[in-house]
$ cat target.cif   # mmCIF, N, CA and C atoms
data_input
loop_
_atom_site.group_PDB
_atom_site.id
_atom_site.type_symbol
_atom_site.label_atom_id
_atom_site.label_comp_id
_atom_site.auth_asym_id
_atom_site.auth_seq_id
_atom_site.Cartn_x
_atom_site.Cartn_y
_atom_site.Cartn_z
ATOM 1 N N MET A 120 122.330 130.525 120.063
ATOM 2 C CA MET A 120 121.131 130.688 120.848
ATOM 3 C C MET A 120 119.890 130.521 119.981
ATOM 4 N N LEU A 121 119.891 131.135 118.814
ATOM 5 C CA LEU A 121 118.762 131.049 117.912
ATOM 6 C C LEU A 121 118.537 129.606 117.456
ATOM 7 N N LYS A 122 119.633 128.880 117.225
ATOM 8 C CA LYS A 122 119.513 127.481 116.825
ATOM 9 C C LYS A 122 118.847 126.656 117.913
ATOM 10 N N LYS A 123 119.161 126.928 119.173
ATOM 11 C CA LYS A 123 118.552 126.197 120.286
ATOM 12 C C LYS A 123 117.055 126.469 120.361
ATOM 13 N N VAL A 124 116.673 127.708 120.175
ATOM 14 C CA VAL A 124 115.254 128.077 120.214
ATOM 15 C C VAL A 124 114.496 127.388 119.084
ATOM 16 N N ILE A 125 115.055 127.404 117.896
ATOM 17 C CA ILE A 125 114.424 126.741 116.750
ATOM 18 C C ILE A 125 114.314 125.246 117.003
ATOM 19 N N PHE A 126 115.370 124.649 117.528
ATOM 20 C CA PHE A 126 115.357 123.217 117.825
ATOM 21 C C PHE A 126 114.259 122.870 118.821
ATOM 22 N N ILE A 127 114.115 123.667 119.858
ATOM 23 C CA ILE A 127 113.086 123.429 120.874
ATOM 24 C C ILE A 127 111.695 123.580 120.265
ATOM 25 N N LEU A 128 111.505 124.571 119.424
ATOM 26 C CA LEU A 128 110.211 124.760 118.770
ATOM 27 C C LEU A 128 109.857 123.591 117.860
ATOM 28 N N VAL A 129 110.848 123.079 117.161
ATOM 29 C CA VAL A 129 110.623 121.915 116.297
ATOM 30 C C VAL A 129 110.231 120.706 117.140
ATOM 31 N N LEU A 130 110.913 120.485 118.239
ATOM 32 C CA LEU A 130 110.576 119.364 119.122
ATOM 33 C C LEU A 130 109.164 119.493 119.676
ATOM 34 N N ILE A 131 108.793 120.679 120.071
ATOM 35 C CA ILE A 131 107.448 120.897 120.604
ATOM 36 C C ILE A 131 106.400 120.640 119.534
ATOM 37 N N SER A 132 106.652 121.070 118.314
ATOM 38 C CA SER A 132 105.668 120.870 117.251
ATOM 39 C C SER A 132 105.504 119.388 116.932
ATOM 40 N N PHE A 133 106.593 118.626 116.952
ATOM 41 C CA PHE A 133 106.481 117.191 116.715
ATOM 42 C C PHE A 133 105.753 116.501 117.856
ATOM 43 N N SER A 134 106.019 116.908 119.066
ATOM 44 C CA SER A 134 105.394 116.259 120.212
ATOM 45 C C SER A 134 103.909 116.549 120.287
ATOM 46 N N SER A 135 103.444 117.646 119.713
ATOM 47 C CA SER A 135 102.017 117.954 119.757
ATOM 48 C C SER A 135 101.216 117.012 118.873
ATOM 49 N N PHE A 136 101.849 116.393 117.886
ATOM 50 C CA PHE A 136 101.158 115.455 117.017
ATOM 51 C C PHE A 136 101.321 114.017 117.471
ATOM 52 N N ALA A 137 102.157 113.784 118.441
ATOM 53 C CA ALA A 137 102.452 112.430 118.894
ATOM 54 C C ALA A 137 101.448 111.984 119.950
ATOM 55 N N MET A 138 101.256 110.688 120.013
ATOM 56 C CA MET A 138 100.380 110.114 121.019
ATOM 57 C C MET A 138 101.218 109.847 122.263
ATOM 58 N N SER A 139 100.690 110.159 123.416
ATOM 59 C CA SER A 139 101.429 109.964 124.651
ATOM 60 C C SER A 139 100.936 108.705 125.373
ATOM 61 N N ALA A 140 101.649 108.324 126.421
ATOM 62 C CA ALA A 140 101.252 107.161 127.220
ATOM 63 C C ALA A 140 99.882 107.390 127.839
ATOM 64 N N ILE A 141 99.601 108.606 128.253
ATOM 65 C CA ILE A 141 98.294 108.918 128.841
ATOM 66 C C ILE A 141 97.196 108.726 127.799
ATOM 67 N N ASP A 142 97.471 109.142 126.549
ATOM 68 C CA ASP A 142 96.495 108.959 125.477
ATOM 69 C C ASP A 142 96.179 107.484 125.272
ATOM 70 N N VAL A 143 97.214 106.653 125.270
ATOM 71 C CA VAL A 143 97.015 105.214 125.076
ATOM 72 C C VAL A 143 96.265 104.625 126.265
ATOM 73 N N GLN A 144 96.560 105.089 127.447
ATOM 74 C CA GLN A 144 95.901 104.593 128.658
ATOM 75 C C GLN A 144 94.414 104.939 128.651
ATOM 76 N N GLN A 145 94.052 106.102 128.116
ATOM 77 C CA GLN A 145 92.682 106.584 128.198
ATOM 78 C C GLN A 145 91.887 106.468 126.903
ATOM 79 N N ALA A 146 92.542 106.224 125.792
ATOM 80 C CA ALA A 146 91.858 106.201 124.498
ATOM 81 C C ALA A 146 90.834 105.077 124.431
ATOM 82 N N ASP A 147 89.758 105.359 123.721
ATOM 83 C CA ASP A 147 88.745 104.320 123.568
ATOM 84 C C ASP A 147 89.156 103.346 122.463
ATOM 85 N N LYS A 148 88.394 102.290 122.370
ATOM 86 C CA LYS A 148 88.702 101.191 121.455
ATOM 87 C C LYS A 148 88.744 101.675 120.001
ATOM 88 N N LYS A 149 87.853 102.572 119.644
ATOM 89 C CA LYS A 149 87.765 103.062 118.268
ATOM 90 C C LYS A 149 89.031 103.823 117.867
ATOM 91 N N ILE A 150 89.529 104.659 118.776
ATOM 92 C CA ILE A 150 90.738 105.445 118.479
ATOM 93 C C ILE A 150 91.956 104.539 118.357
ATOM 94 N N LEU A 151 92.111 103.621 119.297
ATOM 95 C CA LEU A 151 93.264 102.708 119.241
ATOM 96 C C LEU A 151 93.193 101.811 118.011
ATOM 97 N N GLY A 152 91.991 101.436 117.613
ATOM 98 C CA GLY A 152 91.820 100.575 116.441
ATOM 99 C C GLY A 152 92.167 101.259 115.136
ATOM 100 N N CYS A 153 92.236 102.577 115.153
ATOM 101 C CA CYS A 153 92.576 103.333 113.939
ATOM 102 C C CYS A 153 94.076 103.437 113.706
ATOM 103 N N ILE A 154 94.866 103.054 114.674
ATOM 104 C CA ILE A 154 96.319 103.150 114.515
ATOM 105 C C ILE A 154 96.792 102.078 113.543
ATOM 106 N N LYS A 155 97.619 102.492 112.604
ATOM 107 C CA LYS A 155 98.131 101.570 111.585
ATOM 108 C C LYS A 155 98.866 100.413 112.241
ATOM 109 N N GLY A 156 98.482 99.194 111.895
ATOM 110 C CA GLY A 156 99.126 97.999 112.428
ATOM 111 C C GLY A 156 98.434 97.425 113.642
ATOM 112 N N VAL A 157 97.468 98.156 114.194
ATOM 113 C CA VAL A 157 96.733 97.660 115.360
ATOM 114 C C VAL A 157 95.411 97.091 114.873
ATOM 115 N N GLY A 158 95.388 95.776 114.777
ATOM 116 C CA GLY A 158 94.164 95.092 114.402
ATOM 117 C C GLY A 158 93.416 94.662 115.651
ATOM 118 N N GLU A 159 92.433 93.814 115.447
ATOM 119 C CA GLU A 159 91.582 93.395 116.563
ATOM 120 C C GLU A 159 92.361 92.645 117.637
ATOM 121 N N LYS A 160 93.276 91.774 117.228
ATOM 122 C CA LYS A 160 94.035 90.986 118.201
ATOM 123 C C LYS A 160 94.951 91.875 119.046
ATOM 124 N N ARG A 161 95.707 92.771 118.395
ATOM 125 C CA ARG A 161 96.592 93.682 119.140
ATOM 126 C C ARG A 161 95.777 94.637 119.993
ATOM 127 N N LEU A 162 94.647 95.075 119.463
ATOM 128 C CA LEU A 162 93.782 95.973 120.219
ATOM 129 C C LEU A 162 93.302 95.306 121.503
ATOM 130 N N ASN A 163 92.864 94.073 121.401
ATOM 131 C CA ASN A 163 92.428 93.340 122.601
ATOM 132 C C ASN A 163 93.583 93.148 123.582
ATOM 133 N N ASN A 164 94.781 92.883 123.056
ATOM 134 C CA ASN A 164 95.955 92.739 123.929
ATOM 135 C C ASN A 164 96.245 94.044 124.675
ATOM 136 N N ILE A 165 96.094 95.185 123.985
ATOM 137 C CA ILE A 165 96.304 96.485 124.632
ATOM 138 C C ILE A 165 95.264 96.702 125.722
ATOM 139 N N LEU A 166 94.006 96.398 125.423
ATOM 140 C CA LEU A 166 92.931 96.612 126.395
ATOM 141 C C LEU A 166 93.115 95.742 127.638
ATOM 142 N N ILE A 167 93.518 94.505 127.428
ATOM 143 C CA ILE A 167 93.770 93.601 128.564
ATOM 144 C C ILE A 167 94.943 94.125 129.393
ATOM 145 N N TYR A 168 96.009 94.525 128.714
ATOM 146 C CA TYR A 168 97.193 95.037 129.408
ATOM 147 C C TYR A 168 96.838 96.275 130.226
ATOM 148 N N ARG A 169 96.010 97.166 129.649
ATOM 149 C CA ARG A 169 95.623 98.402 130.350
ATOM 150 C C ARG A 169 94.860 98.127 131.631
ATOM 151 N N LYS A 170 94.058 97.065 131.628
ATOM 152 C CA LYS A 170 93.291 96.720 132.826
ATOM 153 C C LYS A 170 94.204 96.256 133.953
ATOM 154 N N GLU A 171 95.289 95.576 133.589
ATOM 155 C CA GLU A 171 96.181 94.988 134.580
ATOM 156 C C GLU A 171 97.362 95.882 134.956
ATOM 157 N N HIS A 172 97.751 96.795 134.058
ATOM 158 C CA HIS A 172 98.928 97.650 134.276
ATOM 159 C C HIS A 172 98.609 99.076 133.858
ATOM 160 N N LYS A 173 99.247 100.009 134.499
ATOM 161 C CA LYS A 173 99.148 101.395 134.071
ATOM 162 C C LYS A 173 100.270 101.654 133.078
ATOM 163 N N ILE A 174 99.929 102.259 131.959
ATOM 164 C CA ILE A 174 100.927 102.587 130.942
ATOM 165 C C ILE A 174 101.530 103.935 131.310
ATOM 166 N N ILE A 175 102.770 103.893 131.771
ATOM 167 C CA ILE A 175 103.456 105.104 132.217
ATOM 168 C C ILE A 175 104.258 105.716 131.065
ATOM 169 N N GLU A 176 104.922 104.856 130.316
ATOM 170 C CA GLU A 176 105.692 105.285 129.152
ATOM 171 C C GLU A 176 105.247 104.455 127.963
ATOM 172 N N LEU A 177 105.372 105.000 126.782
ATOM 173 C CA LEU A 177 104.973 104.247 125.597
ATOM 174 C C LEU A 177 105.790 102.964 125.435
ATOM 175 N N SER A 178 107.007 102.977 125.926
ATOM 176 C CA SER A 178 107.838 101.769 125.828
ATOM 177 C C SER A 178 107.239 100.609 126.632
ATOM 178 N N ASP A 179 106.324 100.898 127.579
ATOM 179 C CA ASP A 179 105.627 99.834 128.312
ATOM 180 C C ASP A 179 104.819 98.952 127.366
ATOM 181 N N LEU A 180 104.422 99.519 126.231
ATOM 182 C CA LEU A 180 103.631 98.757 125.260
ATOM 183 C C LEU A 180 104.421 97.603 124.647
ATOM 184 N N LEU A 181 105.736 97.666 124.718
ATOM 185 C CA LEU A 181 106.565 96.580 124.182
ATOM 186 C C LEU A 181 106.379 95.297 124.992
ATOM 187 N N ASN A 182 105.787 95.393 126.180
ATOM 188 C CA ASN A 182 105.495 94.205 126.987
ATOM 189 C C ASN A 182 104.264 93.458 126.484
ATOM 190 N N ILE A 183 103.541 94.051 125.550
ATOM 191 C CA ILE A 183 102.307 93.458 125.020
ATOM 192 C C ILE A 183 102.647 92.573 123.835
ATOM 193 N N SER A 184 102.065 91.394 123.828
ATOM 194 C CA SER A 184 102.273 90.448 122.738
ATOM 195 C C SER A 184 101.815 91.056 121.414
ATOM 196 N N GLY A 185 102.681 91.011 120.409
ATOM 197 C CA GLY A 185 102.337 91.509 119.083
ATOM 198 C C GLY A 185 102.726 92.948 118.834
ATOM 199 N N ILE A 186 103.254 93.619 119.838
ATOM 200 C CA ILE A 186 103.666 95.009 119.643
ATOM 201 C C ILE A 186 105.179 95.087 119.702
ATOM 202 N N GLY A 187 105.744 95.542 118.597
ATOM 203 C CA GLY A 187 107.185 95.712 118.493
ATOM 204 C C GLY A 187 107.510 97.155 118.184
ATOM 205 N N GLN A 188 108.712 97.374 117.713
ATOM 206 C CA GLN A 188 109.190 98.732 117.464
ATOM 207 C C GLN A 188 108.383 99.452 116.377
ATOM 208 N N VAL A 189 107.960 98.728 115.338
ATOM 209 C CA VAL A 189 107.229 99.365 114.240
ATOM 210 C C VAL A 189 105.860 99.851 114.716
ATOM 211 N N ILE A 190 105.134 99.001 115.414
ATOM 212 C CA ILE A 190 103.817 99.390 115.930
ATOM 213 C C ILE A 190 103.981 100.511 116.953
ATOM 214 N N LEU A 191 104.994 100.416 117.785
ATOM 215 C CA LEU A 191 105.245 101.460 118.776
ATOM 216 C C LEU A 191 105.513 102.806 118.086
ATOM 217 N N LYS A 192 106.270 102.775 117.002
ATOM 218 C CA LYS A 192 106.540 103.996 116.233
ATOM 219 C C LYS A 192 105.236 104.557 115.662
ATOM 220 N N ASN A 193 104.373 103.680 115.142
ATOM 221 C CA ASN A 193 103.091 104.134 114.606
ATOM 222 C C ASN A 193 102.234 104.770 115.697
ATOM 223 N N ILE A 194 102.268 104.189 116.879
ATOM 224 C CA ILE A 194 101.509 104.740 117.999
ATOM 225 C C ILE A 194 102.083 106.094 118.396
ATOM 226 N N LYS A 195 103.399 106.181 118.495
ATOM 227 C CA LYS A 195 104.052 107.445 118.874
ATOM 228 C C LYS A 195 103.704 108.550 117.885
ATOM 229 N N GLN A 196 103.707 108.204 116.613
ATOM 230 C CA GLN A 196 103.462 109.209 115.586
ATOM 231 C C GLN A 196 101.971 109.304 115.244
ATOM 232 N N ASP A 197 101.160 108.456 115.867
ATOM 233 C CA ASP A 197 99.715 108.445 115.646
ATOM 234 C C ASP A 197 99.394 108.304 114.161
ATOM 235 N N ILE A 198 100.042 107.327 113.538
ATOM 236 C CA ILE A 198 99.824 107.081 112.115
ATOM 237 C C ILE A 198 98.516 106.305 111.963
ATOM 238 N N LYS A 199 97.602 106.852 111.188
ATOM 239 C CA LYS A 199 96.271 106.267 111.028
ATOM 240 C C LYS A 199 96.232 105.265 109.874
ATOM 241 N N LYS A 200 95.304 104.309 109.995
ATOM 242 C CA LYS A 200 95.033 103.392 108.900
ATOM 243 C C LYS A 200 94.318 104.157 107.803
ATOM 244 N N LYS A 201 94.484 103.709 106.565
ATOM 245 C CA LYS A 201 93.809 104.363 105.451
ATOM 246 C C LYS A 201 92.296 104.304 105.627
ATOM 247 N N ALA A 202 91.793 103.194 106.141
ATOM 248 C CA ALA A 202 90.345 103.045 106.318
ATOM 249 C C ALA A 202 89.806 104.101 107.274
ATOM 250 N N CYS A 203 90.535 104.411 108.315
ATOM 251 C CA CYS A 203 90.088 105.423 109.280
ATOM 252 C C CYS A 203 90.105 106.809 108.658
ATOM 253 N N LEU A 204 91.089 107.068 107.815
ATOM 254 C CA LEU A 204 91.156 108.370 107.160
ATOM 255 C C LEU A 204 90.013 108.527 106.166
ATOM 256 N N VAL A 205 89.682 107.448 105.456
ATOM 257 C CA VAL A 205 88.570 107.489 104.508
ATOM 258 C C VAL A 205 87.266 107.692 105.251
ATOM 259 N N ASN A 206 87.057 106.977 106.355
ATOM 260 C CA ASN A 206 85.837 107.131 107.138
ATOM 261 C C ASN A 206 85.722 108.540 107.699
ATOM 262 N N LYS A 207 86.827 109.142 108.078
ATOM 263 C CA LYS A 207 86.813 110.502 108.603
ATOM 264 C C LYS A 207 86.370 111.470 107.509
ATOM 265 N N GLN A 208 86.857 111.246 106.288
ATOM 266 C CA GLN A 208 86.466 112.115 105.189
ATOM 267 C C GLN A 208 84.986 111.936 104.863
ATOM 268 N N LYS A 209 84.484 110.710 104.965
ATOM 269 C CA LYS A 209 83.068 110.468 104.704
ATOM 270 C C LYS A 209 82.194 111.138 105.756
ATOM 271 N N ALA A 210 82.718 111.270 106.971
ATOM 272 C CA ALA A 210 81.943 111.852 108.058
ATOM 273 C C ALA A 210 81.805 113.371 107.925
ATOM 274 N N LEU A 211 82.687 113.990 107.141
ATOM 275 C CA LEU A 211 82.608 115.429 106.954
ATOM 276 C C LEU A 211 81.360 115.777 106.150
ATOM 277 N N PRO A 212 80.681 116.846 106.496
ATOM 278 C CA PRO A 212 79.482 117.213 105.744
ATOM 279 C C PRO A 212 79.848 117.620 104.328
ATOM 280 N N LYS A 213 79.033 117.168 103.387
ATOM 281 C CA LYS A 213 79.276 117.502 101.989
ATOM 282 C C LYS A 213 78.740 118.891 101.716
ATOM 283 N N GLN A 214 79.460 119.610 100.884
ATOM 284 C CA GLN A 214 78.989 120.931 100.503
ATOM 285 C C GLN A 214 78.009 120.762 99.359
ATOM 286 N N SER A 215 76.878 121.386 99.514
ATOM 287 C CA SER A 215 75.868 121.253 98.471
ATOM 288 C C SER A 215 76.194 122.195 97.319
ATOM 289 N N LYS A 216 75.875 121.731 96.119
ATOM 290 C CA LYS A 216 76.087 122.554 94.941
ATOM 291 C C LYS A 216 74.920 123.532 94.817
ATOM 292 N N PRO A 217 75.205 124.737 94.388
ATOM 293 C CA PRO A 217 74.101 125.673 94.222
ATOM 294 C C PRO A 217 73.188 125.206 93.093
ATOM 295 N N ARG A 218 71.898 125.293 93.336
ATOM 296 C CA ARG A 218 70.928 124.868 92.333
ATOM 297 C C ARG A 218 70.575 126.069 91.463
ATOM 298 N N ILE A 219 70.612 125.849 90.183
ATOM 299 C CA ILE A 219 70.271 126.906 89.248
ATOM 300 C C ILE A 219 68.975 126.514 88.551
ATOM 301 N N SER A 220 68.007 127.368 88.683
ATOM 302 C CA SER A 220 66.733 127.095 88.026
ATOM 303 C C SER A 220 66.545 128.073 86.874
ATOM 304 N N LYS A 221 65.521 127.825 86.064
ATOM 305 C CA LYS A 221 65.237 128.698 84.933
ATOM 306 C C LYS A 221 64.871 130.094 85.426
ATOM 307 N N LYS A 222 64.170 130.169 86.575
ATOM 308 C CA LYS A 222 63.785 131.470 87.111
ATOM 309 C C LYS A 222 65.015 132.284 87.507
ATOM 310 N N SER A 223 66.004 131.635 88.143
ATOM 311 C CA SER A 223 67.191 132.366 88.567
ATOM 312 C C SER A 223 68.020 132.819 87.383
ATOM 313 N N ILE A 224 67.989 132.064 86.296
ATOM 314 C CA ILE A 224 68.723 132.466 85.095
ATOM 315 C C ILE A 224 68.033 133.670 84.456
ATOM 316 N N GLY A 225 66.685 133.648 84.442
ATOM 317 C CA GLY A 225 65.938 134.768 83.866
ATOM 318 C C GLY A 225 66.101 136.036 84.668
ATOM 319 N N ALA A 226 66.359 135.912 85.970
ATOM 320 C CA ALA A 226 66.518 137.098 86.807
ATOM 321 C C ALA A 226 67.845 137.783 86.562
ATOM 322 N N LEU A 227 68.805 137.066 85.951
ATOM 323 C CA LEU A 227 70.110 137.672 85.691
ATOM 324 C C LEU A 227 69.978 138.560 84.511
#

$ encode --input "target.cif" --output "structure tokens"
Amino acid sequence: MLKKVIFILVLISFSSFAMSAIDVQQADKKILGCIKGVGEKRLNNILIYRKEHKIIELSDLLNISGIGQVILKNIKQDIKKKACLVNKQKALPKQSKPRISKKSIGAL
């Protein structure tokens, strides 16, 4: 019984990080473009496909030209491109270093 509970918890934790068909159907161009292996051509193919078809399951993406099992796996696992991860880090506010002046040193 305990093994079943642990197994279910593990599955739930993995699924919370995965991208779903609804996410792909509703995601904007910027988010889809950050997925590893999805360049401009594949991105445009996804956008065109979305206009003509509703994505019910992620496997529906295999009907899109240029998307195979590897890209589908990246989408499922929401694997980001390195460039997107770097840009995300750049977007974070930098912590300022404390300024030490001669007056503050003299006050110690």

$ resolve_selection --input "target.cif" --expression "the PyMOL selection byres ((chain A and resi 195) around 6.5)" --output "PyMOL selection string"
chain A and resi 136-139+190-194+196-198

$ closest_residue --input "target.cif" --among "A:Lys199, A:Ile186, A:Met120, A:Leu177" --to "A:Arg161" --atoms "only N, CA and C atoms"
A:Ile186

$ residues_around --input "target.cif" --residues "A:His172" --least-positions-apart "5" --cutoff "12 Å" --atoms "only C-alpha atoms" --output "ChimeraX atom specification"
/A:144,164-167,179-180,182-183

$ atom_distance --input "target.cif" --atom1 "atom C of A:Leu151" --atom2 "atom C of A:Gly187"
15.1 Å

$ closest_residue --input "target.cif" --among "A:Ile150, A:Gly156, A:Gln145, A:Leu121" --to "A:Lys170" --atoms "only C-alpha atoms"
A:Gln145

$ atom_distance --input "target.cif" --atom1 "atom CA of A:Glu176" --atom2 "atom CA of A:Leu204"
26.5 Å

$ atom_distance --input "target.cif" --atom1 "atom C of A:Gly152" --atom2 "atom N of A:Cys203"
7.7 Å

$ closest_residue --input "target.cif" --among "A:Lys155, A:Lys160, A:Lys122, A:Lys148" --to "A:Ser184" --atoms "all atoms listed in the file"
A:Lys160

$ closest_residue --input "target.cif" --among "A:Glu159, A:Cys153, A:Asp147, A:Ile141" --to "A:Ile174" --atoms "only N, CA and C atoms"
A:Ile141

$ closest_residue --input "target.cif" --among "A:Val157, A:Glu171, A:Asp142, A:Gly185" --to "A:Lys200" --atoms "all atoms listed in the file"
A:Val157
